[in-house]
Every structure is written in C-alpha cells, then in structure tokens.
Amino acid sequence: MSIVVQKYGGSSLEGHARIEGVASRVAALRREGHDVVVVVSARGGTTDSLVEEARLLAPEPKQRELDMLMTAGERISMSLLAIALNAIGCPAVSFTGSQVGIITDTRHTDARILEVRPFRVVEELEAGNVVVVGGFQGVSTAKDVTTLGRGGSDTTAVALAAALGAERCEILTDVDGVYTADPRAVPSARRIDAIAHADMAELARYGATVLKEDAVRFAERNGIAIGVGSSERGTAGTIVLEDPPHAPRPVTGLALVAEASLMELPENVRAQVVREFEEAGAPVRLVVGTRSATLVVVEGHPRGGASADEAEVRPVSLIAIVGPGAAEAAVAAAAISVVEDLGCAVEAMVSSGRSTVIAVSRDAADRVIGALHDALLGEDTAR
Ligand code: ADP
Ligand code: ASP
Ligand code: MG
C-alpha cells in the first residue's frame, strides 16, 4: 500500500468552491493509485468564534466543555469534504480523532498524543475508501474528547502518517512552502527548499505558525519527512527532514512572536512565579536568570502567575534567529548592531543551541525583523 496523508488547513476549506477543489485534487491522487488519508482543520475563523461564544456564557469555561465545543469545527469540515468526495464518485468516509484511535493524555485543550491505533483507517483504505479525519482532536485515557492545542491538525497528520507508515505526509495551506520569514511580514523572504526538523521546530516555537512545533518534534522523533505546500496546487514547495542535502547557512530563518510580555522578577518570588506559569500551561518562551533577578517572557499576556502581580509587565515582541550557527557570537553581535542602528533597545536576549532570541518593543518589531532579514538572510549575504 502506498499511503499519502494530506492535511488541508482552515483557509483551504472556506466556501463550497474550495471544498470541491480539494475533493477533486484528492480524487486525482486516489486515481493515481495511492491510498489517501485527508486530515482537515475547521474552516478559517470557526475555532475562534466557537471559543468567543463560550466566553460570552462563562469567562473561564470548563476546559472539558471547550474541547467538546472546539472539535465541532473539524467535524463540519470532515463531513462536508466526505460528502463532496462521494458526490464526484470518489468513495470516502469521515471519522473523528477518537474513531481513528488517537489516544491522548488528559490535559484538556493542550493534550499530547500517547498512542495511535488506526485500525479503522486501515480497514477503510483496504475497502477502497478515502479516509477523511477531523484534525486537532483525540480521546483521552479517561475517555473524554481532547484537543491538541491550537494548530493541532498538523500533529494529527504527522501522527497518522507515522502510525500508518505513510509514504508521504503533506501539510497543505495558504502559502506554497516554508519561507526564511513569514512572507506576509517580510516581503523579501524566500522559500526554503529543504529545512531540518530541528530548525523548523525552533521557528515554529517562536511564531512560524505554518507548522505546529509539536508536529515537527513528533516527525523528528519518528523520522517522518513533511512536505509543506499550497492547498490550491496540492504540491509541496518545502520538505522538512532530518538532514537537508545542501550545505547549511548559519542562519536558516527568522520568526516572530508579535505579542509577548516581559517581567523582571525579584529574587524572592522568581521560583514561585515560574512554577505557577508552568502549572497554568502558560507559554513561557524565555527565562533568563542572573544572581539577583530573572527575566521571564511569556507569549501573549501573563496568566496563572499570581505571584507575578507585583512585577512590572512590559509588552514586547520576540524575534528568533534560527539555524545551525544562529547562536554563534558573530550572529549575536550582528543582531545587536542591527537593533541598535535602528535606534531600538534590546530588552532581553539569549543565544543558545540553534537560536538567538531577542525581545524588542512591539512597535519596533516589524522594522527590526525586516532589517535582520536583510543583514542575515539577504540575497547578498554569504552562502
Ligand atoms: P492553516 O490554517 O493552513 O493551518 P496557518 O495560518 O496555521 O495555516 O499557517 C500558514 C501561515 O503561516 C501563512 O499564511 C503565513 O502567514 C504563516 N507563516 C509564518 N511564518 C511562516 C514561514 N516562515 N513560512 C511560511 N509561512 C509562514
Ligand atoms: N482548528 C484548530 C485551530 O484553529 C486546529 C487547526 O486549525 O489545526 O487551532
Ligand atoms: Mg496551522
């Protein structure tokens, strides 16, 4: 069996014409002789509006019920796509995450996949059907419906590809591949043909939503190559794999967390605050300690760190410079110069592993990322 897993994102399924377009591309793949599993997201904006509706009824809805609600978005997409496929004579059947055996832990709204038991998928593929799966969801060891964190349909696709031993795993979206920076924020960004899992995971961690970090880490652990491409063309412009064939440049790409908050914590509360953030599942992106103080940067607004109340909260943006040589002193020095030449301040900075991450004021972020791209990834920078 040559199994292809394709995941279509929210914008690819907005409106009947797009659903029909996806159906005809999937049917063509089936006619080429592949067994096709299609993972779908909720249509664009659906998950946000479901969450907003819940918050009108209760400011802090129960997480279990939020999970139940949010999975409704993917159910709509999966059944509509299966209906469209059947209508053009391509037999298809849709399933929830629970039905295809995606077993997770019990952490509602941000569950981790523990195991995939894809028996029903295999049975239906053997019966000649295209299998359409609602992404972003599973069932917990306590038998409750869970979701995998925002953007989690990517994780569903990679986990299914691993469990099925698929020949290809493709994430199809509204861009034609992974770029050196978000092409909407940095127009001079270039498409990357091949990128290492390690770099992609780091970019995703710092805001490159084109792939979810968990999905990339899952792929890395299981040796899965991910193709990323345009849902309209149905082909991958970038391949994410363990070891890209070309000699790597020191910097692969840049990513941006536009809304983050920086807190400077005094010695007496720092351990407590960091622990509270961890317990609340707050997306802590940087912790930088010195003997007397600790800087903590969380994505969005701080939540869960009650002991942080006295700390001054500064709104910042985080920019990550990612690549095999991105933590080298030369890159860090170049980055500091770029920020200072723009008359901006480096609010915090850490170089380690495969990245240098800089916090700057939010109003400077667009200018800084553009200038960093010119300096570190421009056409005339050394290859
Ligand atoms: P989907 O709904 O298909 O899951 P997402 O919105 O999650 O799509 O991801 C696609 C978006 O990711 C693009 O529209 C693009 O603006 C953004 N993006 C951020 N960083 C990058 C990058 N480095 N390369 C490509 N796209 C990126
Ligand atoms: N619908 C979910 C979200 O908006 C999951 C996904 O799109 O991957 O986050
Ligand atoms: Mg996404």
# chains A, B, ... in the order shown; residues from 1 in each chain; ligands from 1
>>> residues_around(residues="Ser24 (chain A)", least_positions_apart="6", cutoff="9 Å", atoms="only C-alpha atoms", output="JSON, numbers by chain")
{"A": [84, 85, 88, 90]}
>>> residues_around(residues="region 34-40 of chain A", least_positions_apart="4", cutoff="7 Å", atoms="only C-alpha atoms", output="list of chain:residue names")
A:Met1, A:Ser2, A:Ile3, A:Val4, A:Val5, A:Gln6, A:Lys7, A:Tyr8, A:Gly9, A:Leu29, A:Arg30, A:Glu74, A:Ser77, A:Met78, A:Leu125, A:Val130, A:Val131, A:Val132, A:Val133, A:Gly134, A:Gly135, A:Ser153, A:Ala157
>>> atom_distance(atom1="CA of Asn268 (chain A)", atom2="CA of Val313 (chain A)")
17.2 Å
>>> closest_residue(among="A:Asp110, A:Glu328, A:Glu170, A:Glu202", to="Gly281 (chain A)", atoms="only C-alpha atoms")
A:Asp110
>>> closest_atom_pairs(of="chain A", to="ligand 2", cutoff="9 Å", atoms="only C-alpha atoms and all ligand atoms", output="Markdown table")
| residue | atom | partner | partner_atom_place_in_ligand_line | distance |
| --- | --- | --- | --- | --- |
| A:Tyr8 | CA | ligand 2 | 8 (O) | 9.0 |
| A:Gly9 | CA | ligand 2 | 7 (O) | 6.0 |
| A:Gly10 | CA | ligand 2 | 7 (O) | 5.8 |
| A:Val40 | CA | ligand 2 | 8 (O) | 7.9 |
| A:Ser41 | CA | ligand 2 | 7 (O) | 4.5 |
| A:Ala42 | CA | ligand 2 | 1 (N) | 4.5 |
| A:Arg43 | CA | ligand 2 | 1 (N) | 7.3 |
| A:Gly44 | CA | ligand 2 | 4 (O) | 7.2 |
| A:Gly45 | CA | ligand 2 | 4 (O) | 7.1 |
| A:Thr46 | CA | ligand 2 | 1 (N) | 7.1 |
| A:Thr47 | CA | ligand 2 | 4 (O) | 5.0 |
| A:Asp48 | CA | ligand 2 | 4 (O) | 6.7 |
| A:Met70 | CA | ligand 2 | 1 (N) | 7.4 |
| A:Thr71 | CA | ligand 2 | 1 (N) | 7.7 |
| A:Gly73 | CA | ligand 2 | 1 (N) | 6.6 |
| A:Glu74 | CA | ligand 2 | 1 (N) | 6.5 |
| A:Gly135 | CA | ligand 2 | 8 (O) | 6.5 |
| A:Phe136 | CA | ligand 2 | 5 (C) | 5.0 |
| A:Gln137 | CA | ligand 2 | 5 (C) | 8.4 |
| A:Thr147 | CA | ligand 2 | 5 (C) | 8.3 |
| A:Leu148 | CA | ligand 2 | 5 (C) | 7.9 |
| A:Gly149 | CA | ligand 2 | 9 (O) | 6.6 |
| A:Arg150 | CA | ligand 2 | 9 (O) | 3.4 |
| A:Gly151 | CA | ligand 2 | 8 (O) | 3.3 |
| A:Gly152 | CA | ligand 2 | 8 (O) | 4.3 |
| A:Ser153 | CA | ligand 2 | 8 (O) | 3.7 |
| A:Asp154 | CA | ligand 2 | 8 (O) | 5.9 |
| A:Thr155 | CA | ligand 2 | 8 (O) | 8.0 |
| A:Thr156 | CA | ligand 2 | 8 (O) | 8.6 |
| A:Lys212 | CA | ligand 2 | 8 (O) | 8.2 |
>>> write_last_selection(atoms="N, CA, C and O atoms", output="CSV table (one decimal), in the first residue's frame")
chain,number,residue,atom,x,y,z
A,8,TYR,N,-5.3,19.5,5.1
A,8,TYR,CA,-5.7,20.8,4.5
A,8,TYR,C,-6.1,21.8,5.6
A,8,TYR,O,-6.9,21.4,6.5
A,9,GLY,N,-5.5,23.0,5.6
A,9,GLY,CA,-5.8,23.9,6.7
A,9,GLY,C,-7.1,24.7,6.5
A,9,GLY,O,-7.8,24.5,5.5
A,10,GLY,N,-7.4,25.5,7.5
A,10,GLY,CA,-8.7,26.2,7.6
A,10,GLY,C,-9.1,27.0,6.3
A,10,GLY,O,-10.2,26.9,5.8
A,40,VAL,N,-8.4,17.2,8.1
A,40,VAL,CA,-8.9,18.6,7.9
A,40,VAL,C,-8.9,19.4,9.1
A,40,VAL,O,-9.2,18.9,10.2
A,41,SER,N,-8.7,20.7,9.0
A,41,SER,CA,-8.9,21.7,10.1
A,41,SER,C,-10.4,22.2,10.0
A,41,SER,O,-11.0,22.1,8.9
A,42,ALA,N,-10.8,22.9,11.0
A,42,ALA,CA,-12.0,23.7,11.0
A,42,ALA,C,-11.8,24.8,9.9
A,42,ALA,O,-10.7,25.3,9.7
A,43,ARG,N,-12.9,25.2,9.3
A,43,ARG,CA,-12.8,26.3,8.3
A,43,ARG,C,-12.4,27.6,9.0
A,43,ARG,O,-12.7,27.8,10.2
A,44,GLY,N,-11.6,28.4,8.3
A,44,GLY,CA,-11.0,29.6,8.9
A,44,GLY,C,-11.9,30.4,9.8
A,44,GLY,O,-13.0,30.7,9.5
A,45,GLY,N,-11.4,30.7,11.0
A,45,GLY,CA,-12.2,31.5,11.9
A,45,GLY,C,-13.2,30.8,12.8
A,45,GLY,O,-13.6,31.3,13.8
A,46,THR,N,-13.5,29.5,12.4
A,46,THR,CA,-14.5,28.8,13.1
A,46,THR,C,-14.1,28.5,14.6
A,46,THR,O,-14.9,28.7,15.5
A,47,THR,N,-12.9,28.0,14.8
A,47,THR,CA,-12.5,27.7,16.2
A,47,THR,C,-12.5,29.0,17.1
A,47,THR,O,-13.0,28.9,18.2
A,48,ASP,N,-12.0,30.1,16.5
A,48,ASP,CA,-12.0,31.3,17.3
A,48,ASP,C,-13.5,31.7,17.6
A,48,ASP,O,-13.7,32.1,18.8
A,70,MET,N,-14.9,22.8,20.6
A,70,MET,CA,-13.9,23.2,19.5
A,70,MET,C,-13.9,22.1,18.5
A,70,MET,O,-13.7,22.3,17.3
A,71,THR,N,-14.1,20.8,18.9
A,71,THR,CA,-13.9,19.7,17.9
A,71,THR,C,-15.1,19.8,16.9
A,71,THR,O,-15.0,19.1,15.8
A,73,GLY,N,-15.8,22.2,15.0
A,73,GLY,CA,-15.4,22.8,13.8
A,73,GLY,C,-14.8,21.8,12.8
A,73,GLY,O,-15.1,21.9,11.6
A,74,GLU,N,-14.0,20.9,13.3
A,74,GLU,CA,-13.4,19.9,12.4
A,74,GLU,C,-14.4,18.9,11.9
A,74,GLU,O,-14.3,18.4,10.8
A,135,GLY,N,-9.0,16.8,12.2
A,135,GLY,CA,-7.7,17.0,12.9
A,135,GLY,C,-7.9,17.6,14.3
A,135,GLY,O,-9.1,17.8,14.7
A,136,PHE,N,-6.8,17.8,15.0
A,136,PHE,CA,-6.8,18.6,16.2
A,136,PHE,C,-7.5,17.9,17.4
A,136,PHE,O,-7.6,18.5,18.4
A,137,GLN,N,-7.8,16.6,17.3
A,137,GLN,CA,-8.6,16.0,18.4
A,137,GLN,C,-8.2,14.6,18.6
A,137,GLN,O,-7.7,13.9,17.8
A,147,THR,N,-8.4,18.2,22.8
A,147,THR,CA,-7.8,18.8,21.6
A,147,THR,C,-6.3,19.0,21.9
A,147,THR,O,-5.9,18.9,23.0
A,148,LEU,N,-5.6,19.1,20.7
A,148,LEU,CA,-4.2,19.0,20.8
A,148,LEU,C,-3.4,20.4,20.8
A,148,LEU,O,-2.3,20.4,20.5
A,149,GLY,N,-4.2,21.4,21.2
A,149,GLY,CA,-3.5,22.8,21.1
A,149,GLY,C,-3.8,23.4,19.8
A,149,GLY,O,-3.9,22.7,18.8
A,150,ARG,N,-3.8,24.8,19.8
A,150,ARG,CA,-4.2,25.5,18.5
A,150,ARG,C,-3.2,25.1,17.4
A,150,ARG,O,-2.0,24.9,17.7
A,151,GLY,N,-3.7,24.9,16.2
A,151,GLY,CA,-2.9,24.4,15.1
A,151,GLY,C,-2.7,22.9,15.1
A,151,GLY,O,-1.9,22.4,14.3
A,152,GLY,N,-3.4,22.2,16.0
A,152,GLY,CA,-3.1,20.8,16.2
A,152,GLY,C,-3.4,19.8,15.1
A,152,GLY,O,-3.0,18.6,15.2
A,153,SER,N,-4.1,20.3,14.1
A,153,SER,CA,-4.3,19.3,13.0
A,153,SER,C,-3.0,18.9,12.3
A,153,SER,O,-3.0,17.8,11.8
A,154,ASP,N,-2.0,19.7,12.4
A,154,ASP,CA,-0.7,19.3,11.8
A,154,ASP,C,-0.2,18.1,12.6
A,154,ASP,O,0.3,17.2,12.0
A,155,THR,N,-0.4,18.1,13.9
A,155,THR,CA,0.1,17.0,14.7
A,155,THR,C,-0.7,15.7,14.4
A,155,THR,O,-0.1,14.6,14.3
A,156,THR,N,-2.0,15.9,14.2
A,156,THR,CA,-2.8,14.7,13.8
A,156,THR,C,-2.3,14.1,12.5
A,156,THR,O,-2.1,12.8,12.4
A,212,LYS,N,3.0,23.4,13.3
A,212,LYS,CA,3.0,23.4,14.7
A,212,LYS,C,4.2,22.7,15.3
A,212,LYS,O,4.6,21.7,14.8
>>> closest_residue(among="A:Leu376, A:Leu81, A:Val257, A:Ala58", to="ligand 1", atoms="only C-alpha atoms and all ligand atoms")
A:Val257
>>> closest_residue(among="A:Leu265, A:Ala196, A:Ala334, A:Ala204", to="ligand 1", atoms="only C-alpha atoms and all ligand atoms")
A:Ala204
>>> closest_residue(among="A:Thr96, A:Thr294, A:Thr238, A:Ser11", to="ligand 3", atoms="only C-alpha atoms and all ligand atoms")
A:Ser11
>>> residues_near_ligand(ligand="ligand 3", cutoff="6 Å", atoms="only C-alpha atoms and all ligand atoms", output="PyMOL selection string")
chain A and resi 151+209-211
>>> closest_residue(among="A:Val339, A:Ala92, A:Ala189, A:Ala163", to="ligand 1", atoms="only C-alpha atoms and all ligand atoms")
A:Ala189
>>> residues_around(residues="Ala311 (chain A)", least_positions_apart="3", cutoff="8 Å", atoms="only C-alpha atoms", output="list in words")
Met263, Glu264, Leu265, Pro266 and Ala308 of chain A
>>> residues_around(residues="Met200 (chain A)", least_positions_apart="6", cutoff="8 Å", atoms="only C-alpha atoms", output="list in words")
Leu211, Glu213, Val216 and Val240 of chain A
>>> write_last_selection(atoms="C-alpha atoms", output="mmCIF file, in the first residue's frame")
data_model
loop_
_atom_site.group_PDB
_atom_site.id
_atom_site.type_symbol
_atom_site.label_atom_id
_atom_site.label_comp_id
_atom_site.auth_asym_id
_atom_site.auth_seq_id
_atom_site.Cartn_x
_atom_site.Cartn_y
_atom_site.Cartn_z
ATOM 1 C CA LEU A 211 3.716 24.218 11.131
ATOM 2 C CA GLU A 213 6.023 22.768 16.913
ATOM 3 C CA VAL A 216 7.604 18.848 13.854
ATOM 4 C CA VAL A 240 11.159 19.250 6.327
#
>>> select_by_dssp(residues="region 26-187 of chain A", states="strand (DSSP E)", output="VMD selection string")
chain A and resid 35 to 40 92 to 95 102 to 104 113 to 116 130 to 134 137 to 140 145 to 147 168 to 173
>>> write_last_selection(atoms="C-alpha atoms", output="PDB file, in the first residue's frame")
ATOM      1  CA  ASP A  35      -4.411   5.222  -0.581  1.00  0.00           C
ATOM      2  CA  VAL A  36      -5.346   8.655   0.688  1.00  0.00           C
ATOM      3  CA  VAL A  37      -5.955   9.889   4.224  1.00  0.00           C
ATOM      4  CA  VAL A  38      -7.038  13.524   4.417  1.00  0.00           C
ATOM      5  CA  VAL A  39      -6.804  15.408   7.705  1.00  0.00           C
ATOM      6  CA  VAL A  40      -8.886  18.576   7.851  1.00  0.00           C
ATOM      7  CA  ALA A  92     -14.969   8.470   1.185  1.00  0.00           C
ATOM      8  CA  VAL A  93     -15.763   8.108   4.853  1.00  0.00           C
ATOM      9  CA  SER A  94     -15.139  10.640   7.631  1.00  0.00           C
ATOM     10  CA  PHE A  95     -14.019   9.951  11.207  1.00  0.00           C
ATOM     11  CA  ILE A 102      -5.857   8.930  18.605  1.00  0.00           C
ATOM     12  CA  ILE A 103      -5.311   8.378  22.321  1.00  0.00           C
ATOM     13  CA  THR A 104      -4.093  11.351  24.359  1.00  0.00           C
ATOM     14  CA  ILE A 113      -0.800  12.083  21.788  1.00  0.00           C
ATOM     15  CA  LEU A 114       0.204   8.924  23.658  1.00  0.00           C
ATOM     16  CA  GLU A 115      -0.674   6.337  21.041  1.00  0.00           C
ATOM     17  CA  VAL A 116      -2.433   5.939  17.690  1.00  0.00           C
ATOM     18  CA  VAL A 130     -10.578   7.768   1.035  1.00  0.00           C
ATOM     19  CA  VAL A 131     -10.470   8.375   4.787  1.00  0.00           C
ATOM     20  CA  VAL A 132     -11.179  11.921   5.970  1.00  0.00           C
ATOM     21  CA  VAL A 133     -10.152  12.623   9.569  1.00  0.00           C
ATOM     22  CA  GLY A 134     -11.072  15.584  11.758  1.00  0.00           C
ATOM     23  CA  GLN A 137      -8.606  16.025  18.400  1.00  0.00           C
ATOM     24  CA  GLY A 138      -8.352  12.738  20.202  1.00  0.00           C
ATOM     25  CA  VAL A 139      -9.771  10.831  23.118  1.00  0.00           C
ATOM     26  CA  SER A 140      -8.086  10.798  26.497  1.00  0.00           C
ATOM     27  CA  VAL A 145     -12.695  14.210  23.969  1.00  0.00           C
ATOM     28  CA  THR A 146      -9.496  16.292  23.945  1.00  0.00           C
ATOM     29  CA  THR A 147      -7.840  18.791  21.613  1.00  0.00           C
ATOM     30  CA  ARG A 168       4.203  10.919   2.157  1.00  0.00           C
ATOM     31  CA  CYS A 169       2.914  13.413   4.711  1.00  0.00           C
ATOM     32  CA  GLU A 170       1.899  16.766   3.238  1.00  0.00           C
ATOM     33  CA  ILE A 171       0.688  19.880   5.041  1.00  0.00           C
ATOM     34  CA  LEU A 172      -1.204  21.977   2.510  1.00  0.00           C
ATOM     35  CA  THR A 173      -2.002  25.574   3.368  1.00  0.00           C
TER      36      THR A 173
END
>>> select_by_dssp(residues="region 330-360 of chain A", states="helix (DSSP H, G or I)", output="number ranges by chain")
A: 330-341
>>> write_last_selection(atoms="all heavy atoms", output="CSV table (one decimal), in the first residue's frame")
chain,number,residue,atom,x,y,z
A,330,ALA,N,29.1,35.8,16.5
A,330,ALA,CA,29.1,36.7,15.3
A,330,ALA,C,27.7,37.1,14.9
A,330,ALA,O,27.4,38.2,14.6
A,330,ALA,CB,29.8,36.0,14.1
A,331,VAL,N,26.8,36.1,15.0
A,331,VAL,CA,25.4,36.3,14.7
A,331,VAL,C,24.8,37.2,15.8
A,331,VAL,O,24.1,38.2,15.5
A,331,VAL,CB,24.6,35.0,14.5
A,331,VAL,CG1,23.1,35.3,14.3
A,331,VAL,CG2,25.1,34.2,13.3
A,332,ALA,N,25.1,36.9,17.0
A,332,ALA,CA,24.5,37.7,18.1
A,332,ALA,C,25.0,39.2,18.0
A,332,ALA,O,24.2,40.1,18.1
A,332,ALA,CB,25.0,37.1,19.5
A,333,ALA,N,26.3,39.3,17.7
A,333,ALA,CA,26.8,40.7,17.6
A,333,ALA,C,26.2,41.4,16.4
A,333,ALA,O,25.8,42.6,16.5
A,333,ALA,CB,28.4,40.6,17.4
A,334,ALA,N,26.0,40.7,15.3
A,334,ALA,CA,25.4,41.4,14.1
A,334,ALA,C,24.0,41.8,14.5
A,334,ALA,O,23.5,42.9,14.1
A,334,ALA,CB,25.4,40.4,12.9
A,335,ALA,N,23.3,40.9,15.2
A,335,ALA,CA,21.9,41.2,15.6
A,335,ALA,C,21.8,42.4,16.5
A,335,ALA,O,20.9,43.3,16.3
A,335,ALA,CB,21.2,40.0,16.2
A,336,ILE,N,22.7,42.5,17.4
A,336,ILE,CA,22.7,43.7,18.4
A,336,ILE,C,22.9,45.0,17.5
A,336,ILE,O,22.2,46.0,17.7
A,336,ILE,CB,23.8,43.5,19.4
A,336,ILE,CG1,23.4,42.3,20.3
A,336,ILE,CG2,23.8,44.8,20.3
A,336,ILE,CD1,24.6,42.0,21.3
A,337,SER,N,23.8,44.9,16.6
A,337,SER,CA,24.1,46.1,15.8
A,337,SER,C,22.9,46.5,15.0
A,337,SER,O,22.6,47.7,14.9
A,337,SER,CB,25.3,45.9,14.8
A,337,SER,OG,26.4,45.5,15.5
A,338,VAL,N,22.2,45.5,14.4
A,338,VAL,CA,21.0,45.8,13.6
A,338,VAL,C,20.0,46.6,14.5
A,338,VAL,O,19.4,47.6,14.1
A,338,VAL,CB,20.4,44.6,13.0
A,338,VAL,CG1,19.0,44.8,12.4
A,338,VAL,CG2,21.4,44.0,11.9
A,339,VAL,N,19.7,46.0,15.6
A,339,VAL,CA,18.7,46.6,16.5
A,339,VAL,C,19.1,48.0,16.9
A,339,VAL,O,18.4,49.0,16.8
A,339,VAL,CB,18.5,45.7,17.8
A,339,VAL,CG1,17.4,46.4,18.7
A,339,VAL,CG2,18.0,44.3,17.3
A,340,GLU,N,20.4,48.2,17.3
A,340,GLU,CA,20.8,49.5,17.8
A,340,GLU,C,20.9,50.5,16.7
A,340,GLU,O,20.6,51.7,16.9
A,340,GLU,CB,22.2,49.3,18.5
A,340,GLU,CG,22.0,48.6,19.8
A,340,GLU,CD,23.3,48.4,20.7
A,340,GLU,OE1,24.4,48.7,20.1
A,340,GLU,OE2,23.1,47.9,21.8
A,341,ASP,N,21.3,50.1,15.5
A,341,ASP,CA,21.4,51.0,14.4
A,341,ASP,C,20.0,51.6,14.0
A,341,ASP,O,19.9,52.6,13.4
A,341,ASP,CB,21.9,50.3,13.1
A,341,ASP,CG,23.4,50.1,13.2
A,341,ASP,OD1,24.0,50.6,14.2
A,341,ASP,OD2,24.0,49.4,12.4
